[in-house]
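K.L.:
What follows is the file coords.tsv, containing TSV, C-alpha atoms (C1' of nucleotides):
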```tsv
chain	number	residue	atom	x	y	z
V	855	MET	CA	5.12	-16.40	17.90
V	856	ARG	CA	3.90	-12.87	18.51
V	857	ILE	CA	1.66	-10.87	16.22
V	858	GLY	CA	4.50	-9.03	14.48
V	859	GLU	CA	6.27	-12.27	13.62
V	860	LEU	CA	3.05	-13.77	12.33
V	861	ALA	CA	2.54	-10.71	10.17
V	862	LYS	CA	5.98	-11.17	8.62
V	863	ALA	CA	5.55	-14.92	8.21
V	864	ALA	CA	2.27	-14.51	6.34
V	865	GLU	CA	3.15	-11.26	4.54
V	866	SER	CA	0.37	-9.47	6.32
V	867	ASP	CA	0.03	-6.55	8.72
V	868	VAL	CA	-0.61	-6.55	12.46
V	869	ASP	CA	-3.67	-4.34	12.13
V	870	THR	CA	-5.09	-6.67	9.51
V	871	ILE	CA	-4.54	-9.68	11.76
V	872	ARG	CA	-6.37	-8.04	14.64
V	873	TYR	CA	-9.14	-7.07	12.23
V	874	TYR	CA	-9.47	-10.65	10.98
V	875	GLU	CA	-9.68	-11.85	14.55
V	876	LYS	CA	-12.39	-9.32	15.33
V	877	ILE	CA	-14.57	-10.40	12.42
V	878	GLY	CA	-13.96	-14.10	13.02
V	879	ILE	CA	-11.73	-14.97	10.06
V	880	LEU	CA	-8.96	-15.96	12.44
V	881	PRO	CA	-9.62	-17.65	15.82
V	882	LYS	CA	-8.73	-15.92	19.07
V	883	PRO	CA	-5.24	-17.03	20.00
V	884	ALA	CA	-3.86	-17.82	23.43
V	885	ARG	CA	-2.40	-14.95	25.43
V	886	THR	CA	0.90	-14.62	27.26
V	887	ASP	CA	1.18	-13.38	30.82
V	888	GLY	CA	1.71	-9.89	29.47
V	889	ASN	CA	-1.54	-10.21	27.42
V	890	TYR	CA	0.28	-10.59	24.12
V	891	ARG	CA	-1.33	-12.78	21.47
V	892	HIS	CA	0.54	-16.06	21.05
V	893	TYR	CA	0.39	-17.87	17.70
V	894	GLY	CA	1.39	-21.28	16.39
V	895	GLU	CA	2.18	-22.72	12.98
V	896	GLN	CA	-1.41	-23.42	12.02
V	897	HIS	CA	-2.24	-19.76	12.47
V	898	THR	CA	0.45	-18.93	9.93
V	899	GLU	CA	-0.99	-21.38	7.47
V	900	ARG	CA	-4.52	-20.16	7.91
V	901	LEU	CA	-3.52	-16.53	7.52
V	902	ARG	CA	-1.42	-17.33	4.48
V	903	PHE	CA	-4.44	-19.06	2.96
V	904	VAL	CA	-6.55	-15.99	3.61
V	905	ARG	CA	-3.97	-13.60	2.17
V	906	ARG	CA	-3.57	-15.74	-0.92
V	907	CYS	CA	-7.34	-15.63	-1.43
V	908	ARG	CA	-7.33	-11.85	-0.97
V	909	SER	CA	-4.54	-11.58	-3.53
V	910	LEU	CA	-6.97	-13.41	-5.83
V	911	ASP	CA	-9.41	-10.61	-5.02
V	912	MET	CA	-11.95	-12.75	-3.22
V	913	THR	CA	-14.17	-11.11	-0.63
V	914	LEU	CA	-13.87	-12.08	3.02
V	915	ASP	CA	-17.30	-13.71	2.75
V	916	GLU	CA	-16.08	-15.91	-0.08
V	917	ILE	CA	-12.99	-16.72	1.94
V	918	ARG	CA	-15.15	-17.68	4.90
V	919	VAL	CA	-16.78	-20.31	2.69
V	920	LEU	CA	-13.43	-21.68	1.56
V	921	LEU	CA	-12.20	-21.80	5.14
V	922	GLN	CA	-15.22	-23.91	6.08
V	923	PHE	CA	-14.16	-26.47	3.50
V	924	ARG	CA	-10.59	-26.31	4.64
V	925	ASP	CA	-11.87	-27.11	8.13
V	926	ALA	CA	-14.11	-29.97	6.93
V	927	PRO	CA	-11.85	-32.27	4.91
V	928	ASP	CA	-14.57	-34.83	4.19
V	929	ALA	CA	-17.15	-32.42	2.84
V	930	ASP	CA	-18.06	-32.43	-0.82
V	931	CYS	CA	-16.13	-29.71	-2.64
V	932	ALA	CA	-18.63	-28.88	-5.39
V	933	GLU	CA	-19.36	-25.52	-3.80
V	934	VAL	CA	-15.69	-24.63	-3.95
V	935	ASN	CA	-15.76	-25.15	-7.69
V	936	ASN	CA	-18.91	-23.08	-8.04
V	937	LEU	CA	-17.53	-20.27	-5.94
V	938	LEU	CA	-14.44	-20.11	-8.08
V	939	ASP	CA	-16.43	-20.23	-11.31
V	940	GLU	CA	-18.57	-17.35	-10.14
V	941	HIS	CA	-15.56	-15.38	-9.03
V	942	ILE	CA	-13.93	-15.89	-12.43
V	943	GLY	CA	-17.15	-14.67	-14.01
V	944	HIS	CA	-17.07	-11.48	-11.95
V	945	VAL	CA	-13.47	-10.81	-12.83
V	946	SER	CA	-13.94	-11.27	-16.54
V	947	ALA	CA	-17.08	-9.14	-16.48
V	948	ARG	CA	-15.05	-6.41	-14.78
V	949	ILE	CA	-12.33	-6.69	-17.40
V	950	ALA	CA	-14.90	-6.30	-20.16
V	951	ALA	CA	-16.41	-3.24	-18.49
V	952	LEU	CA	-13.01	-1.61	-17.97
V	953	THR	CA	-11.96	-2.34	-21.52
V	954	HIS	CA	-15.08	-0.58	-22.75
V	955	LEU	CA	-14.35	2.28	-20.36
V	956	GLU	CA	-10.80	2.62	-21.61
V	957	LYS	CA	-12.06	2.98	-25.18
V	958	GLU	CA	-14.44	5.73	-24.10
V	959	LEU	CA	-11.70	7.54	-22.24
V	960	ARG	CA	-9.25	7.35	-25.14
V	961	SER	CA	-11.91	8.64	-27.49
V	962	LEU	CA	-12.60	11.48	-25.07
V	963	ARG	CA	-8.91	12.26	-24.80
V	964	ARG	CA	-8.67	12.65	-28.57
V	965	GLN	CA	-11.09	15.59	-28.34
V	966	CYS	CA	-8.37	17.85	-26.99
V	967	ARG	CA	-5.02	17.63	-28.66
V	968	SER	CA	-3.55	20.98	-27.69
V	969	VAL	CA	-3.53	23.17	-24.64
V	970	GLN	CA	-6.18	25.82	-24.94
V	971	ARG	CA	-8.73	27.70	-22.90
V	972	ALA	CA	-11.09	25.54	-20.90
V	973	LYS	CA	-14.21	26.74	-22.68
V	974	ASP	CA	-12.81	25.41	-25.97
V	975	CYS	CA	-11.40	22.19	-24.51
V	976	GLY	CA	-12.95	19.35	-26.46
V	977	ILE	CA	-12.88	17.12	-23.42
V	978	LEU	CA	-14.95	19.39	-21.20
V	979	VAL	CA	-17.32	20.14	-24.08
V	980	GLU	CA	-17.78	16.45	-24.77
V	981	ILE	CA	-18.41	15.48	-21.16
V	982	GLY	CA	-20.98	18.26	-20.95
V	983	LYS	CA	-23.04	16.80	-23.79
V	984	ASN	CA	-26.20	14.87	-23.17
V	985	THR	CA	-24.79	11.62	-24.47
V	986	SER	CA	-25.82	9.81	-21.32
V	987	ALA	CA	-23.41	6.92	-21.03
V	988	SER	CA	-24.47	4.03	-18.84
V	989	ALA	CA	-24.01	5.03	-15.23
V	990	PRO	CA	-21.94	2.87	-12.86
V	991	ALA	CA	-23.70	-0.20	-11.52
V	992	LYS	CA	-26.07	0.70	-8.74
V	993	ASN	CA	-28.92	-1.81	-8.70
V	994	LYS	CA	-29.07	-4.26	-5.87
V	995	ALA	CA	-28.28	-7.35	-7.91
V	996	ALA	CA	-25.11	-5.96	-9.41
V	997	LYS	CA	-24.00	-4.27	-6.24
V	998	ARG	CA	-22.50	-7.29	-4.55
V	999	HIS	CA	-19.61	-7.59	-6.92
V	1000	ILE	CA	-16.97	-6.02	-9.05
V	1001	THR	CA	-17.51	-2.32	-8.74
V	1002	GLY	CA	-15.07	0.54	-8.70
V	1003	THR	CA	-11.61	0.83	-10.18
V	1004	HIS	CA	-10.23	2.88	-7.32
Y	318	MET	CA	-37.73	21.64	-10.32
Y	319	ARG	CA	-37.74	19.55	-7.16
Y	320	ILE	CA	-35.12	17.04	-6.18
Y	321	GLY	CA	-36.99	14.02	-7.54
Y	322	GLU	CA	-37.38	15.63	-10.94
Y	323	LEU	CA	-33.71	16.61	-11.00
Y	324	ALA	CA	-32.81	13.03	-10.17
Y	325	LYS	CA	-34.80	11.76	-13.14
Y	326	ALA	CA	-33.50	14.46	-15.47
Y	327	ALA	CA	-29.88	13.64	-14.65
Y	328	GLU	CA	-30.32	9.88	-14.19
Y	329	SER	CA	-29.26	10.14	-10.60
Y	330	ASP	CA	-30.77	9.48	-7.20
Y	331	VAL	CA	-32.16	11.87	-4.62
Y	332	ASP	CA	-29.84	10.59	-1.89
Y	333	THR	CA	-26.86	11.03	-4.17
Y	334	ILE	CA	-27.87	14.62	-4.94
Y	335	ARG	CA	-28.15	15.48	-1.27
Y	336	TYR	CA	-24.78	13.80	-0.72
Y	337	TYR	CA	-23.16	15.83	-3.51
Y	338	GLU	CA	-24.57	18.99	-1.95
Y	339	LYS	CA	-23.20	18.07	1.43
Y	340	ILE	CA	-19.67	17.53	0.15
Y	341	GLY	CA	-19.76	20.59	-2.08
Y	342	ILE	CA	-19.93	19.00	-5.52
Y	343	LEU	CA	-23.28	20.68	-6.12
Y	344	PRO	CA	-24.11	24.17	-4.79
Y	345	LYS	CA	-26.85	24.65	-2.22
Y	346	PRO	CA	-30.02	25.40	-4.14
Y	347	ALA	CA	-32.78	27.84	-3.26
Y	348	ARG	CA	-35.60	26.57	-1.06
Y	349	THR	CA	-39.35	26.84	-1.44
Y	350	ASP	CA	-41.64	28.03	1.34
Y	351	GLY	CA	-42.07	24.43	2.42
Y	352	ASN	CA	-38.26	24.03	2.61
Y	353	TYR	CA	-38.03	21.95	-0.54
Y	354	ARG	CA	-34.90	22.28	-2.66
Y	355	HIS	CA	-35.60	24.18	-5.88
Y	356	TYR	CA	-33.40	23.55	-8.92
Y	357	GLY	CA	-32.92	25.14	-12.30
Y	358	GLU	CA	-31.55	24.01	-15.64
Y	359	GLN	CA	-27.90	24.66	-14.80
Y	360	HIS	CA	-28.18	22.29	-11.86
Y	361	THR	CA	-29.31	19.58	-14.25
Y	362	GLU	CA	-26.34	20.22	-16.50
Y	363	ARG	CA	-23.85	20.25	-13.67
Y	364	LEU	CA	-25.22	17.04	-12.20
Y	365	ARG	CA	-25.27	15.37	-15.58
Y	366	PHE	CA	-21.63	16.35	-16.03
Y	367	VAL	CA	-20.80	14.82	-12.67
Y	368	ARG	CA	-22.70	11.61	-13.39
Y	369	ARG	CA	-21.04	11.27	-16.77
Y	370	CYS	CA	-17.64	11.59	-15.10
Y	371	ARG	CA	-18.64	8.99	-12.50
Y	372	SER	CA	-19.73	6.68	-15.30
Y	373	LEU	CA	-16.15	7.12	-16.55
Y	374	ASP	CA	-15.08	5.94	-13.11
Y	375	MET	CA	-13.45	9.17	-12.02
Y	376	THR	CA	-13.24	9.92	-8.33
Y	377	LEU	CA	-15.14	12.84	-6.88
Y	378	ASP	CA	-11.81	14.59	-6.30
Y	379	GLU	CA	-10.96	14.29	-9.97
Y	380	ILE	CA	-14.41	15.57	-10.83
Y	381	ARG	CA	-13.91	18.54	-8.52
Y	382	VAL	CA	-10.91	19.51	-10.63
Y	383	LEU	CA	-12.86	19.20	-13.86
Y	384	LEU	CA	-15.69	21.27	-12.40
Y	385	GLN	CA	-13.23	24.04	-11.58
Y	386	PHE	CA	-12.28	24.21	-15.24
Y	387	ARG	CA	-15.90	24.10	-16.27
Y	388	ASP	CA	-16.43	27.10	-14.01
Y	389	ALA	CA	-13.37	28.97	-15.32
Y	390	PRO	CA	-13.78	29.07	-19.09
Y	391	ASP	CA	-10.63	31.11	-19.70
Y	392	ALA	CA	-8.25	28.89	-17.73
Y	393	ASP	CA	-5.62	26.84	-19.49
Y	394	CYS	CA	-6.86	23.27	-19.93
Y	395	ALA	CA	-3.54	21.42	-19.77
Y	396	GLU	CA	-4.41	19.99	-16.39
Y	397	VAL	CA	-7.59	18.51	-17.81
Y	398	ASN	CA	-5.53	16.63	-20.35
Y	399	ASN	CA	-3.11	15.41	-17.68
Y	400	LEU	CA	-5.90	14.31	-15.41
Y	401	LEU	CA	-7.45	12.29	-18.18
Y	402	ASP	CA	-4.11	10.77	-19.19
Y	403	GLU	CA	-3.49	9.68	-15.63
Y	404	HIS	CA	-6.96	8.28	-15.30
Y	405	ILE	CA	-6.50	6.28	-18.50
Y	406	GLY	CA	-3.24	5.00	-17.05
Y	407	HIS	CA	-4.98	3.80	-13.91
Y	408	VAL	CA	-7.69	2.05	-15.86
Y	409	SER	CA	-5.31	0.24	-18.14
Y	410	ALA	CA	-3.13	-0.77	-15.21
Y	411	ARG	CA	-6.23	-2.22	-13.57
Y	412	ILE	CA	-7.12	-4.11	-16.73
Y	413	ALA	CA	-3.64	-5.61	-16.85
Y	414	ALA	CA	-3.81	-6.65	-13.20
Y	415	LEU	CA	-7.23	-8.24	-13.62
Y	416	THR	CA	-6.17	-10.06	-16.76
Y	417	HIS	CA	-3.27	-11.54	-14.85
Y	418	LEU	CA	-5.62	-12.42	-12.01
Y	419	GLU	CA	-8.05	-14.14	-14.36
Y	420	LYS	CA	-5.26	-16.35	-15.66
Y	421	GLU	CA	-4.29	-17.33	-12.13
Y	422	LEU	CA	-7.90	-18.12	-11.26
Y	423	ARG	CA	-8.44	-20.24	-14.37
Y	424	SER	CA	-5.27	-22.14	-13.67
Y	425	LEU	CA	-6.45	-22.68	-10.11
Y	426	ARG	CA	-9.84	-23.84	-11.33
Y	427	ARG	CA	-8.19	-26.52	-13.50
Y	428	GLN	CA	-6.82	-28.13	-10.33
Y	429	CYS	CA	-10.23	-29.57	-9.49
Y	430	ARG	CA	-12.14	-31.12	-12.32
Y	431	SER	CA	-14.50	-33.38	-10.43
Y	432	VAL	CA	-16.48	-33.20	-7.25
Y	433	GLN	CA	-14.60	-34.88	-4.46
Y	434	ARG	CA	-13.86	-34.56	-0.80
Y	435	ALA	CA	-12.50	-31.20	0.31
Y	436	LYS	CA	-9.21	-32.60	1.53
Y	437	ASP	CA	-8.45	-33.84	-1.98
Y	438	CYS	CA	-9.77	-30.79	-3.78
Y	439	GLY	CA	-6.93	-29.49	-5.91
Y	440	ILE	CA	-8.11	-25.93	-5.48
Y	441	LEU	CA	-7.95	-25.90	-1.70
Y	442	VAL	CA	-4.64	-27.76	-1.77
Y	443	GLU	CA	-3.18	-25.27	-4.23
Y	444	ILE	CA	-4.33	-22.19	-2.32
Y	445	GLY	CA	-2.83	-23.67	0.81
Y	446	LYS	CA	0.62	-23.91	-0.75
Y	447	ASN	CA	3.33	-21.41	0.06
Y	448	THR	CA	3.42	-20.02	-3.46
Y	449	SER	CA	3.04	-16.50	-2.14
Y	450	ALA	CA	1.42	-14.60	-4.97
Y	451	SER	CA	1.76	-10.84	-4.84
Y	452	ALA	CA	-0.68	-9.52	-2.27
Y	453	PRO	CA	-3.18	-6.81	-3.18
Y	454	ALA	CA	-1.77	-3.31	-3.34
Y	455	LYS	CA	-1.30	-1.83	0.06
Y	456	ASN	CA	1.48	0.71	-0.13
Y	457	LYS	CA	0.58	4.34	0.19
Y	458	ALA	CA	1.47	5.31	-3.34
Y	459	ALA	CA	-0.67	2.66	-4.99
Y	460	LYS	CA	-3.53	3.09	-2.60
Y	461	ARG	CA	-5.11	6.12	-4.18
Y	462	HIS	CA	-6.30	4.32	-7.25
Y	463	ILE	CA	-7.75	1.32	-8.93
Y	464	THR	CA	-8.16	-1.22	-6.21
Y	465	GLY	CA	-10.79	-3.87	-5.66
Y	466	THR	CA	-12.95	-5.73	-8.15
Y	467	HIS	CA	-15.96	-5.92	-5.90
R	457	DC	C1'	-60.33	15.72	4.82
R	458	DT	C1'	-57.90	11.87	3.90
R	459	DT	C1'	-54.72	9.36	1.32
R	460	DG	C1'	-50.53	8.80	-0.80
R	461	DA	C1'	-46.60	10.68	-3.03
R	462	DC	C1'	-43.07	13.39	-2.23
R	463	DC	C1'	-39.67	15.87	0.71
R	464	DC	C1'	-36.82	17.03	5.04
R	465	DT	C1'	-32.80	16.03	8.55
R	466	DG	C1'	-29.48	13.42	10.94
R	467	DG	C1'	-27.30	9.34	11.52
R	468	DA	C1'	-25.81	4.58	10.70
R	469	DG	C1'	-24.02	1.06	7.60
R	470	DT	C1'	-21.21	-0.91	3.63
R	471	DG	C1'	-15.80	-3.48	2.82
R	472	DG	C1'	-11.44	-4.11	4.06
R	473	DC	C1'	-8.66	-2.32	6.01
R	474	DT	C1'	-5.44	1.75	8.03
R	475	DC	C1'	-4.05	4.93	11.42
R	476	DC	C1'	-4.13	6.95	15.82
R	477	DA	C1'	-3.85	8.11	20.98
R	478	DG	C1'	-2.72	6.65	25.14
R	479	DC	C1'	-1.44	3.26	27.44
R	480	DG	C1'	1.45	-1.44	29.07
R	481	DT	C1'	5.39	-4.98	28.23
R	482	DT	C1'	9.63	-6.66	26.67
R	483	DT	C1'	14.18	-6.35	24.77
R	484	DT	C1'	18.49	-4.08	24.06
R	485	DA	C1'	22.37	-1.30	25.18
R	486	DA	C1'	25.06	1.70	28.17
S	385	DT	C1'	20.55	-1.06	37.04
S	386	DT	C1'	18.30	1.68	34.25
S	387	DA	C1'	16.91	4.12	30.29
S	388	DA	C1'	15.37	3.95	25.77
S	389	DA	C1'	13.67	1.69	21.89
S	390	DA	C1'	10.73	-1.61	20.06
S	391	DC	C1'	6.87	-4.04	20.34
S	392	DG	C1'	2.16	-4.96	21.99
S	393	DC	C1'	-2.66	-3.74	23.80
S	394	DT	C1'	-7.62	-1.54	23.29
S	395	DG	C1'	-11.11	1.29	21.43
S	396	DG	C1'	-12.37	4.33	18.13
S	397	DA	C1'	-12.18	7.25	13.95
S	398	DG	C1'	-11.41	7.62	9.03
S	399	DC	C1'	-11.40	6.25	4.06
S	400	DC	C1'	-14.78	6.18	-0.52
S	401	DA	C1'	-19.17	6.99	-2.71
S	402	DC	C1'	-22.85	6.24	-1.73
S	403	DT	C1'	-27.36	3.78	0.34
S	404	DC	C1'	-30.90	3.15	3.61
S	405	DC	C1'	-33.57	4.29	7.48
S	406	DA	C1'	-36.57	6.53	11.18
S	407	DG	C1'	-39.40	9.96	12.26
S	408	DG	C1'	-41.14	13.66	10.89
S	409	DG	C1'	-43.18	17.66	7.45
S	410	DT	C1'	-45.51	19.31	2.78
S	411	DC	C1'	-48.36	19.03	-1.05
S	412	DA	C1'	-51.65	17.52	-4.81
S	413	DA	C1'	-55.58	14.55	-6.12
S	414	DG	C1'	-59.98	12.63	-5.14
```
Would you mind writing the file out in structure tokens?
P.N.:
Amino acid sequence: MRIGELAKAAESDVDTIRYYEKIGILPKPARTDGNYRHYGEQHTERLRFVRRCRSLDMTLDEIRVLLQFRDAPDADCAEVNNLLDEHIGHVSARIAALTHLEKELRSLRRQCRSVQRAKDCGILVEIGKNTSASAPAKNKAAKRHITGTH
Amino acid sequence: MRIGELAKAAESDVDTIRYYEKIGILPKPARTDGNYRHYGEQHTERLRFVRRCRSLDMTLDEIRVLLQFRDAPDADCAEVNNLLDEHIGHVSARIAALTHLEKELRSLRRQCRSVQRAKDCGILVEIGKNTSASAPAKNKAAKRHITGTH
DNA sequence: CTTGACCCTGGAGTGGCTCCAGCGTTTTAA
DNA sequence: TTAAAACGCTGGAGCCACTCCAGGGTCAAG
């Protein structure tokens, strides 16, 4: 199987596959005479595993941990459970933060009902006030996880 | 006012201020004889405005638009309202996606109740299945906004 | 006159890709 | 047989919004 076929089989992208190889998420495959990467079925399964984890919004570092367990079938899986619990915690914390944000935004939106000149726009006036809302997370502890909506 | 004082006054960070200057969010300030940046009260207000927008999770491009209106008091503010409406849309879409994700994760977590060997761990088994969940957004249209929980 | 706090610039690093130029290889069709 | 299209290769830059650093300069207090 060549890289394009693998990409289709695992619903991925050739650039992403090469990137995963570079950072060690996927092993270096064999090469054909023409220097094309040559993949087998276990590559598909591994990549699918990775993509499924990414679709669950895990970081590549988290996925690296899970892959270790996948590669060590007799290891104790407690860490897997912990990793997932923590990840769930991050996601629900992010939901709470965004829900709060949405309320703030809707309240801000209510400040300007009609089209008018910018200097009278309730939204711009309100943002300009000194009501210092909590800034986005920027301390080192919080920085690892769950930032940004964009 | 020097850059450190401005940072405190606007609950920002000196590096961030220099970054905003570099990309044109803040104007280049006057300099002292010793080449220190020298700021006045309107710099504080502008920076506070920017930080408040960032705390509302707007992108710097969105903020650039809002700043234009702040600088043009007689302009029609309809675009401000639209920008905010769109932003609210992005945030609530992200909340919906994360809520769905949380459900998936909790269901996955239920697959492994007890500590056991990795090869029997319901979580790893489940992730390895071919139940291809929708991958994270990667088309060009969706890419502009609201991606990533980390 | 030294110490320490503050400031300067330019550049690199973060995550997880994505896109590109400028090539080489393989497949398809005429 | 040959031309074109499709696919692959590498190395590097770019995205966002910062953050951190090295290696220096400036300034106020003691």
K.L.:
What is the distance between atom CA of His417 of chain Y and atom CA of Phe923 of chain V, in Å to one decimal?
P.N.:
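The value is 26.0 Å.
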K.L.:
Which residue gives the smallest distance to chain R among V:Ile981, V:Ala861, V:Val868, V:Ala951, with all atoms listed in the file counted?
P.N.:
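Among the listed residues, the smallest separation from chain R belongs to V:Val868.
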K.L.:
Taking only C-alpha atoms (C1' of nucleotides) into account, which residues of chain V are within 9 Å of chain R, as a list in words?
P.N.:
Asp869, Thr870, Tyr873, Gly888, Asn889, Tyr890, Thr913 and Leu914 of chain V
K.L.:
Now that the selection is made, can you save its residues with C-alpha atoms as a tab-separated table (two decimals), in the frame of the given file?
P.N.:
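Saved file part_20.tsv follows:
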```
chain	number	residue	atom	x	y	z
V	869	ASP	CA	-3.67	-4.34	12.13
V	870	THR	CA	-5.09	-6.67	9.51
V	873	TYR	CA	-9.14	-7.07	12.23
V	888	GLY	CA	1.71	-9.89	29.47
V	889	ASN	CA	-1.54	-10.21	27.42
V	890	TYR	CA	0.28	-10.59	24.12
V	913	THR	CA	-14.17	-11.11	-0.63
V	914	LEU	CA	-13.87	-12.08	3.02
```
K.L.:
Using all atoms listed in the file, I'd like every residue of chain S that has an atom within 10 Å of chain V; please write them out as a list in words.
P.N.:
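Using all atoms listed in the file, chain S residues at most 10 Å from chain V: DC391, DG392, DC393, DC400, DA401, DC402 and DT403 of chain S.
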K.L.:
Starting from the point (-5.4, -15.4, -1.1), work out which residues of protein, DNA or RNA have an atom no more than 12 Å away when counting all atoms listed in the file; state them as number ranges by chain.
P.N.:
V: 864-866, 899-914, 916-918, 920-921; Y: 418, 421-422, 425, 440-441, 443-453
K.L.:
With C-alpha atoms retained, could you export that selection as a tab-separated table (two decimals), in the frame of the given file?
P.N.:
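Below is the file selection.tsv, written as the result:
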```
chain	number	residue	atom	x	y	z
V	864	ALA	CA	2.27	-14.51	6.34
V	865	GLU	CA	3.15	-11.26	4.54
V	866	SER	CA	0.37	-9.47	6.32
V	899	GLU	CA	-0.99	-21.38	7.47
V	900	ARG	CA	-4.52	-20.16	7.91
V	901	LEU	CA	-3.52	-16.53	7.52
V	902	ARG	CA	-1.42	-17.33	4.48
V	903	PHE	CA	-4.44	-19.06	2.96
V	904	VAL	CA	-6.55	-15.99	3.61
V	905	ARG	CA	-3.97	-13.60	2.17
V	906	ARG	CA	-3.57	-15.74	-0.92
V	907	CYS	CA	-7.34	-15.63	-1.43
V	908	ARG	CA	-7.33	-11.85	-0.97
V	909	SER	CA	-4.54	-11.58	-3.53
V	910	LEU	CA	-6.97	-13.41	-5.83
V	911	ASP	CA	-9.41	-10.61	-5.02
V	912	MET	CA	-11.95	-12.75	-3.22
V	913	THR	CA	-14.17	-11.11	-0.63
V	914	LEU	CA	-13.87	-12.08	3.02
V	916	GLU	CA	-16.08	-15.91	-0.08
V	917	ILE	CA	-12.99	-16.72	1.94
V	918	ARG	CA	-15.15	-17.68	4.90
V	920	LEU	CA	-13.43	-21.68	1.56
V	921	LEU	CA	-12.20	-21.80	5.14
Y	418	LEU	CA	-5.62	-12.42	-12.01
Y	421	GLU	CA	-4.29	-17.33	-12.13
Y	422	LEU	CA	-7.90	-18.12	-11.26
Y	425	LEU	CA	-6.45	-22.68	-10.11
Y	440	ILE	CA	-8.11	-25.93	-5.48
Y	441	LEU	CA	-7.95	-25.90	-1.70
Y	443	GLU	CA	-3.18	-25.27	-4.23
Y	444	ILE	CA	-4.33	-22.19	-2.32
Y	445	GLY	CA	-2.83	-23.67	0.81
Y	446	LYS	CA	0.62	-23.91	-0.75
Y	447	ASN	CA	3.33	-21.41	0.06
Y	448	THR	CA	3.42	-20.02	-3.46
Y	449	SER	CA	3.04	-16.50	-2.14
Y	450	ALA	CA	1.42	-14.60	-4.97
Y	451	SER	CA	1.76	-10.84	-4.84
Y	452	ALA	CA	-0.68	-9.52	-2.27
Y	453	PRO	CA	-3.18	-6.81	-3.18
```
K.L.:
Measuring between only C-alpha atoms, which one of V:Val979, V:Ile949, V:Glu875, V:Lys957 shows the shortest distance to chain Y?
P.N.:
V:Ile949
K.L.:
Counting only C-alpha atoms (C1' of nucleotides), what is within 10 Å of Ser409 of chain Y, bar same-chain residues fewer than 6 positions away, as a CSV table (one decimal) with C-alpha atoms, in the frame of the given file?
P.N.:
```csv
chain,number,residue,atom,x,y,z
V,949,ILE,CA,-12.3,-6.7,-17.4
V,952,LEU,CA,-13.0,-1.6,-18.0
V,953,THR,CA,-12.0,-2.3,-21.5
V,955,LEU,CA,-14.4,2.3,-20.4
V,956,GLU,CA,-10.8,2.6,-21.6
Y,403,GLU,CA,-3.5,9.7,-15.6
Y,415,LEU,CA,-7.2,-8.2,-13.6
Y,463,ILE,CA,-7.8,1.3,-8.9
```
K.L.:
Could you work out how far atom C1' of DG395 of chain S lies from atom CA of Val919 of chain V, giving the answer in Å with one decimal?
P.N.:
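Spanning atom CA of Val919 of chain V to atom C1' of DG395 of chain S is a straight-line distance of 29.2 Å.
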K.L.:
With only C-alpha atoms as the basis for distance, which of V:His892, V:Lys862, V:Lys882, V:Arg924 is at the shortest distance from chain Y?
P.N.:
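Ranking V:His892, V:Lys862, V:Lys882, V:Arg924 by distance to chain Y, first place goes to V:Arg924.
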K.L.:
State, in Å with one decimal place, the distance from atom CA of Leu880 of chain V to atom CA of His897 of chain V.
P.N.:
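The value is 7.7 Å.
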K.L.:
Find the residues near Cys438 of chain Y: any atom within 9 Å, counting only C-alpha atoms (C1' of nucleotides), skip ones fewer than 4 places away on the same chain, and give them as a list in words.
P.N.:
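Here the qualifying residues turn out to be Asp930, Cys931 and Val934 of chain V; Gln428, Cys429, Arg430, Ser431, Val432, Gln433, Arg434, Val442 and Glu443 of chain Y.
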K.L.:
Mind writing the picked residues with C-alpha atoms as a PDB file, in the coordinates of the input?
P.N.:
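Wrote again-v8.pdb, looks like this:
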```pdb
ATOM      1  CA  ASP V 930     -18.060 -32.430  -0.820  1.00  0.00           C
ATOM      2  CA  CYS V 931     -16.130 -29.710  -2.640  1.00  0.00           C
ATOM      3  CA  VAL V 934     -15.690 -24.630  -3.950  1.00  0.00           C
TER       4      VAL V 934
ATOM      5  CA  GLN Y 428      -6.820 -28.130 -10.330  1.00  0.00           C
ATOM      6  CA  CYS Y 429     -10.230 -29.570  -9.490  1.00  0.00           C
ATOM      7  CA  ARG Y 430     -12.140 -31.120 -12.320  1.00  0.00           C
ATOM      8  CA  SER Y 431     -14.500 -33.380 -10.430  1.00  0.00           C
ATOM      9  CA  VAL Y 432     -16.480 -33.200  -7.250  1.00  0.00           C
ATOM     10  CA  GLN Y 433     -14.600 -34.880  -4.460  1.00  0.00           C
ATOM     11  CA  ARG Y 434     -13.860 -34.560  -0.800  1.00  0.00           C
ATOM     12  CA  VAL Y 442      -4.640 -27.760  -1.770  1.00  0.00           C
ATOM     13  CA  GLU Y 443      -3.180 -25.270  -4.230  1.00  0.00           C
TER      14      GLU Y 443
END
```
